[in-house]
Structures are given as structure tokens and as C-alpha cells.
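Heads up: the structure comes next, in C-alpha cells.
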Amino acid sequence: MRRLFPVTDQTVTTDSGGRPLGAPGAGGGEGGGAAQDREWSLDELADAYAYPEPGPGGPGSWLRANMVSTLDGAAQHDGRSQPISTATDMRIFGTLRGLADVVVVGAETVRLEGYRPARARAEFAARREAAGQGPAPAVAVVTASLDLDFSLPLFTSPLVPTLILTGAAAAPDRVAAAEKAGARVVIAGDGMGVEPDRAVRALAELGHTRLLTEGGPRLLGQFVAAGVLDELCLTVSPMLAVGDAQRIAGGPSVAVPRRFALVSLLEEEGFLFSRYRRP
């Protein structure tokens, strides 16, 4: 993998005279400077994807999304994201989880992707301890109906109790079933559904300020429309899927498109791993 942006002394390889390879009069042939292409360690990935520092002058909560899309805009193939992903994309996926307090996910994605509880990973143990985090992130499922299989490992054997984000009008029997299964129900809306801004605040009140959402598209669309998404980590897969797969974000369009700024771009074997932040 190599870093394409931002340009640093590690991004551009220079010749013996200190000139970028590919520059006029420099060795290395045609084209722009070529960054070193190698496998990055998990520590390097964790540094590259570190959350902004909280505290005075820093954000109270930071909500980032991690999604993958094909060249023609498909966020899944046959209903799942794995066929359009790659091993490095999954390493970044694991790194983002290793840095997060909580993973926020929609109920439909839980059902389609067969979600399991996040696991503790020794590679991130010291980093999490230094940040005051538990051994693994909690998983927070956003659902109005609580139509979930509470016999799944996500509820029966998580390292950290699974959270259910729902509305105040949720069916009492489903709330009771969730709590009986060991989940913690968090009210984040006055009606049946969840209000995105209240979800962020409710998680912060539980001490979860480093937030990661993995979708699905409808949930991400709600976060975008509500203006609470701070960062998008988007993998662009060099594949064409055609079909009628969803985009990474769905739902009604916003009145004015949200403008984000590119802060980082990595590349490996045609896959682009980008980070965009709200200005």
C-alpha cells in the first residue's frame, strides 16, 4: 500500500539528488513521484486513522462512517459488502473497530451481514487502555421495531453488552425481550424511530465519543441528512457490479449537497482508501 495524499517526504520517492522520481531530469521514468508500495503494519494504520483528540478545543463526539463502493456506485453485491472488498480493506475495517468506542449499525445490516460482537484484539490493547477504552467496542443496533434474533451471539455472548438504540414508542414486549437477552436499550427518539442527533448525544452520555458506523446505506443517509456525520472512510473498489445494488447512502436527498474535504488517500492494487472530513 502507498500513500497518495497528503504529499509528504514518505509519499514521494526521490533520486540521489533529492528530486522526486518522475520529475524532469530525475531518474525513474515518466509520471509523478511513486510512493513506496509495501504492507503497512497495524500500528501504522492506527496512526493514519486516529480519531481527533477530545478535550478543550477538540470535538465532543466524532462520528465516522466506513463504507465500500464499486466504480459504478454499488455498496453491495448480492446484498453483502464482502464480494467487493479486499484483504487490506478488511484490515482497515478491523483497525477502525480497534479505535472506536462503539460501532453503530442498522438492524437490516445486522440481519444481512450476520453481525457478531466485536472482539478484543491484542494488537490494539495498549492503545485502547491508554485511551481509557474497554477491551473492545460495543455494538449499537439502530432499530425502530426491535425485530432482531436475540439468540444470536451478538446478544448472547458479547464481550461488551450490545446496545439497542430505539424510540420511546417502541413495543414494550420487544424492549423486554432485548433486555432479557442482555442488551441495553437506549432511547434516542420520541416516536418509533431513532433521531440521529439524539443517538450521538445518547452514546456520548454513556461515554462513547469515538463513534463508527458501518451502515447500512439507509442509516448512513439519515446521519448525513441530520448533519451529524463528521468523517467518511470510503474504499473505492476497482470493480463494476451493475445491477440495482444500493449506494453507500440512501433516503431522501438533502436540500444542498454536503461538502467534505479530502484528508487522506491510500492505494493498493487499484483499491483507493480515502478519508473525507466535514470542513
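By order of appearance in the C-alpha cells: chains A, B, ..., then residues from 1 within every chain, and ligands from 1 in the order shown.
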
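Residues in contact with Gly191 of chain A at 8 Å, where only C-alpha atoms are counted and same-chain residues fewer than 6 positions away are skipped, are listed as Gly167, Ala168, Ala169 and Ala170 of chain A.
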
Residues within 9 Å of segment 221-234 of chain A, only C-alpha atoms, excluding chain neighbours under 3 positions, as an MDAnalysis selection string: chainID A and resid 62:69 195:197 200 215:218 248:255 258 260 272:279

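Atom CA of Arg127 of chain A to atom CA of Leu212 of chain A spans 17.0 Å [interatomic distance, one decimal].
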
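If you measure from each of A:Ala138, A:Ala204, A:Val236, A:Ala46 to Phe124 of chain A using only C-alpha atoms, the closest one turns out to be A:Ala46.
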
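With only C-alpha atoms as the atoms that count, the minimum distance from Ala140 of chain A to the choices A:Glu214, A:Asp89, A:Asp37, A:Asp190 is reached by A:Glu214.
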
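One distance worth recording is that between atom CA of Pro137 of chain A and atom CA of Thr209 of chain A, which is 11.3 Å.
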
Nearest to Val175 of chain A among A:Leu163, A:Val102, A:Ala241, A:Ala122, with distances taken over only C-alpha atoms: which residue is it? A:Leu163

Would you please work out which residue, of A:Gly73, A:Pro161, A:Gly114, A:Gly79, is nearest to Ala136 of chain A when using only C-alpha atoms? A:Pro161

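Distances from A:His208, A:Arg247, A:Arg116, A:Arg121 to Leu154 of chain A were compared using only C-alpha atoms, and the smallest one belongs to A:Arg116.
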
Please report the interatomic distance between atom CA of Arg184 of chain A and atom CA of Arg80 of chain A in Å with one decimal. 27.1 Å

For segment 49-54 of chain A, work out the shell of residues within 10 Å, counting only C-alpha atoms and skipping chain neighbours fewer than 2 positions away, then give it as a PyMOL selection string. chain A and resi 43-47+56-64+92+95-96+99-100+131+209-211+231+233+264+275

DSSP on the backbone: which residues in segment 141-197 of chain A end up as strand (DSSP E)? Give the answer as a VMD selection string. chain A and resid 141 to 142 163 to 166 184 to 187

Would you mind exporting all heavy atoms of the selected residues as a CSV table (one decimal), in the first residue's frame?
chain,number,residue,atom,x,y,z
A,141,VAL,N,-27.1,-1.2,17.9
A,141,VAL,CA,-28.0,-1.5,16.8
A,141,VAL,C,-29.1,-0.5,16.7
A,141,VAL,O,-29.9,-0.3,17.7
A,141,VAL,CB,-28.6,-3.0,16.9
A,141,VAL,CG1,-29.5,-3.3,15.7
A,141,VAL,CG2,-27.5,-4.0,17.0
A,142,VAL,N,-29.3,0.2,15.6
A,142,VAL,CA,-30.4,1.2,15.5
A,142,VAL,C,-31.6,0.4,14.9
A,142,VAL,O,-31.5,-0.1,13.8
A,142,VAL,CB,-29.9,2.3,14.5
A,142,VAL,CG1,-31.1,3.3,14.3
A,142,VAL,CG2,-28.7,3.0,15.1
A,163,LEU,N,-25.8,-2.7,22.6
A,163,LEU,CA,-26.8,-1.6,22.8
A,163,LEU,C,-27.8,-1.6,21.8
A,163,LEU,O,-27.6,-2.0,20.6
A,163,LEU,CB,-26.1,-0.2,22.8
A,163,LEU,CG,-24.9,0.0,23.7
A,163,LEU,CD1,-24.2,1.3,23.4
A,163,LEU,CD2,-25.3,-0.1,25.2
A,164,ILE,N,-29.1,-1.3,22.1
A,164,ILE,CA,-30.2,-1.1,21.2
A,164,ILE,C,-30.6,0.3,21.2
A,164,ILE,O,-31.0,0.8,22.3
A,164,ILE,CB,-31.4,-2.0,21.6
A,164,ILE,CG1,-31.0,-3.5,21.6
A,164,ILE,CG2,-32.5,-1.8,20.6
A,164,ILE,CD1,-30.7,-4.1,20.2
A,165,LEU,N,-30.5,1.0,20.1
A,165,LEU,CA,-30.9,2.4,20.0
A,165,LEU,C,-32.3,2.4,19.3
A,165,LEU,O,-32.5,1.9,18.2
A,165,LEU,CB,-30.0,3.2,19.2
A,165,LEU,CG,-28.6,3.4,19.7
A,165,LEU,CD1,-27.7,4.1,18.7
A,165,LEU,CD2,-28.6,4.2,21.0
A,166,THR,N,-33.3,2.9,20.0
A,166,THR,CA,-34.7,2.9,19.5
A,166,THR,C,-35.4,4.1,20.0
A,166,THR,O,-34.9,4.9,20.7
A,166,THR,CB,-35.4,1.5,19.9
A,166,THR,OG1,-36.6,1.4,19.2
A,166,THR,CG2,-35.7,1.5,21.4
A,184,ARG,N,-28.6,-3.6,26.3
A,184,ARG,CA,-29.0,-2.4,27.0
A,184,ARG,C,-29.8,-1.5,26.0
A,184,ARG,O,-29.3,-1.1,24.9
A,184,ARG,CB,-27.8,-1.6,27.5
A,184,ARG,CG,-28.1,-0.3,28.2
A,184,ARG,CD,-26.9,0.3,28.8
A,184,ARG,NE,-27.3,1.5,29.6
A,184,ARG,CZ,-26.4,2.2,30.3
A,184,ARG,NH1,-25.2,1.8,30.4
A,184,ARG,NH2,-26.8,3.3,30.9
A,185,VAL,N,-31.0,-1.2,26.3
A,185,VAL,CA,-31.9,-0.4,25.4
A,185,VAL,C,-31.7,1.1,25.8
A,185,VAL,O,-31.8,1.5,26.9
A,185,VAL,CB,-33.4,-0.8,25.6
A,185,VAL,CG1,-34.2,0.1,24.7
A,185,VAL,CG2,-33.5,-2.3,25.2
A,186,VAL,N,-31.4,1.8,24.7
A,186,VAL,CA,-31.2,3.3,24.9
A,186,VAL,C,-32.2,4.0,24.0
A,186,VAL,O,-32.3,3.8,22.8
A,186,VAL,CB,-29.8,3.7,24.4
A,186,VAL,CG1,-29.5,5.2,24.6
A,186,VAL,CG2,-28.7,2.9,25.2
A,187,ILE,N,-33.0,4.9,24.6
A,187,ILE,CA,-34.0,5.7,23.9
A,187,ILE,C,-33.3,6.9,23.3
A,187,ILE,O,-32.7,7.7,24.0
A,187,ILE,CB,-35.1,6.1,24.9
A,187,ILE,CG1,-35.8,4.9,25.5
A,187,ILE,CG2,-36.2,6.9,24.1
A,187,ILE,CD1,-36.3,3.9,24.6

Write out as a PyMOL selection string the residues lying within 7 Å of Gln133 of chain A, counting only C-alpha atoms and excluding same-chain residues fewer than 3 positions away. chain A and resi 101+128-129

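Minimum distance to Ala118 of chain A across A:Val242, A:Val139, A:Val256, A:Val105 (counting only C-alpha atoms) occurs at A:Val139.
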
DSSP says helix (DSSP H, G or I) for which residues of segment 101-214 of chain A? Put them as a PyMOL selection string? chain A and resi 107-113+122-130+153-156+172-180+196-205

Requested write-out: N, CA and C atoms of the selected residues, as a compact mmCIF listing (two decimals), in the first residue's frame:
# COMPACT_ATOMS: atom_id res chain seq x y z
N ALA A 107 -30.34 -2.21 11.82
CA ALA A 107 -30.85 -3.57 12.05
C ALA A 107 -30.82 -4.42 10.79
N GLU A 108 -31.12 -3.82 9.62
CA GLU A 108 -31.12 -4.59 8.39
C GLU A 108 -29.72 -5.10 8.06
N THR A 109 -28.71 -4.28 8.32
CA THR A 109 -27.32 -4.70 8.09
C THR A 109 -26.93 -5.82 9.05
N VAL A 110 -27.40 -5.75 10.28
CA VAL A 110 -27.16 -6.83 11.24
C VAL A 110 -27.69 -8.15 10.70
N ARG A 111 -28.90 -8.08 10.12
CA ARG A 111 -29.51 -9.31 9.61
C ARG A 111 -28.80 -9.80 8.35
N LEU A 112 -28.50 -8.91 7.40
CA LEU A 112 -27.91 -9.32 6.13
C LEU A 112 -26.47 -9.78 6.26
N GLU A 113 -25.69 -9.07 7.10
CA GLU A 113 -24.26 -9.35 7.20
C GLU A 113 -23.93 -10.37 8.30
N ALA A 122 -5.32 -8.19 20.66
CA ALA A 122 -4.11 -7.86 21.41
C ALA A 122 -3.35 -6.71 20.77
N GLU A 123 -3.43 -6.59 19.44
CA GLU A 123 -2.69 -5.55 18.73
C GLU A 123 -3.13 -4.13 19.14
N PHE A 124 -4.37 -4.01 19.62
CA PHE A 124 -4.89 -2.69 19.97
C PHE A 124 -5.06 -2.51 21.48
N ALA A 125 -4.68 -3.51 22.27
CA ALA A 125 -4.93 -3.49 23.71
C ALA A 125 -4.27 -2.29 24.39
N ALA A 126 -3.00 -2.07 24.13
CA ALA A 126 -2.27 -0.98 24.79
C ALA A 126 -2.82 0.37 24.36
N ARG A 127 -3.13 0.49 23.09
CA ARG A 127 -3.67 1.75 22.58
C ARG A 127 -5.03 2.05 23.21
N ARG A 128 -5.87 1.03 23.32
CA ARG A 128 -7.19 1.23 23.91
C ARG A 128 -7.08 1.55 25.40
N GLU A 129 -6.18 0.88 26.10
CA GLU A 129 -6.01 1.15 27.53
C GLU A 129 -5.55 2.59 27.75
N ALA A 130 -4.61 3.05 26.92
CA ALA A 130 -4.10 4.42 27.04
C ALA A 130 -5.19 5.45 26.76
N PRO A 153 -25.19 -14.62 18.68
CA PRO A 153 -24.04 -14.29 19.54
C PRO A 153 -23.90 -12.80 19.83
N LEU A 154 -24.37 -11.94 18.92
CA LEU A 154 -24.31 -10.50 19.14
C LEU A 154 -24.98 -10.11 20.45
N PHE A 155 -25.97 -10.91 20.85
CA PHE A 155 -26.71 -10.61 22.08
C PHE A 155 -26.39 -11.60 23.21
N THR A 156 -26.06 -12.82 22.86
CA THR A 156 -25.86 -13.83 23.90
C THR A 156 -24.44 -13.89 24.44
N PRO A 172 -43.25 -2.42 23.94
CA PRO A 172 -42.71 -2.82 25.25
C PRO A 172 -42.26 -4.28 25.32
N ASP A 173 -42.98 -5.17 24.60
CA ASP A 173 -42.61 -6.58 24.67
C ASP A 173 -41.27 -6.83 23.98
N ARG A 174 -40.98 -6.07 22.89
CA ARG A 174 -39.70 -6.24 22.21
C ARG A 174 -38.57 -5.64 23.04
N VAL A 175 -38.86 -4.53 23.72
CA VAL A 175 -37.87 -3.93 24.62
C VAL A 175 -37.53 -4.92 25.73
N ALA A 176 -38.58 -5.55 26.29
CA ALA A 176 -38.37 -6.52 27.36
C ALA A 176 -37.55 -7.71 26.87
N ALA A 177 -37.82 -8.15 25.63
CA ALA A 177 -37.08 -9.28 25.06
C ALA A 177 -35.61 -8.93 24.88
N ALA A 178 -35.36 -7.70 24.45
CA ALA A 178 -33.97 -7.27 24.26
C ALA A 178 -33.24 -7.23 25.60
N GLU A 179 -33.86 -6.67 26.60
CA GLU A 179 -33.23 -6.58 27.92
C GLU A 179 -33.04 -7.95 28.54
N LYS A 180 -33.99 -8.85 28.32
CA LYS A 180 -33.85 -10.21 28.84
C LYS A 180 -32.67 -10.92 28.21
N PRO A 196 -31.10 10.83 14.65
CA PRO A 196 -29.65 10.71 14.58
C PRO A 196 -28.89 11.58 15.57
N ASP A 197 -29.28 12.85 15.73
CA ASP A 197 -28.56 13.71 16.65
C ASP A 197 -28.71 13.26 18.09
N ARG A 198 -29.90 12.74 18.43
CA ARG A 198 -30.11 12.23 19.78
C ARG A 198 -29.32 10.95 20.01
N ALA A 199 -29.18 10.15 18.97
CA ALA A 199 -28.37 8.92 19.09
C ALA A 199 -26.93 9.26 19.44
N VAL A 200 -26.37 10.26 18.76
CA VAL A 200 -24.99 10.67 19.03
C VAL A 200 -24.87 11.18 20.47
N ARG A 201 -25.84 11.99 20.90
CA ARG A 201 -25.79 12.53 22.26
C ARG A 201 -25.95 11.43 23.29
N ALA A 202 -26.88 10.50 23.03
CA ALA A 202 -27.13 9.42 23.99
C ALA A 202 -25.89 8.54 24.16
N LEU A 203 -25.19 8.26 23.07
CA LEU A 203 -23.97 7.45 23.15
C LEU A 203 -22.88 8.21 23.90
N ALA A 204 -22.79 9.52 23.67
CA ALA A 204 -21.79 10.32 24.39
C ALA A 204 -22.06 10.31 25.89
N GLU A 205 -23.34 10.33 26.27
CA GLU A 205 -23.69 10.30 27.69
C GLU A 205 -23.28 8.98 28.34
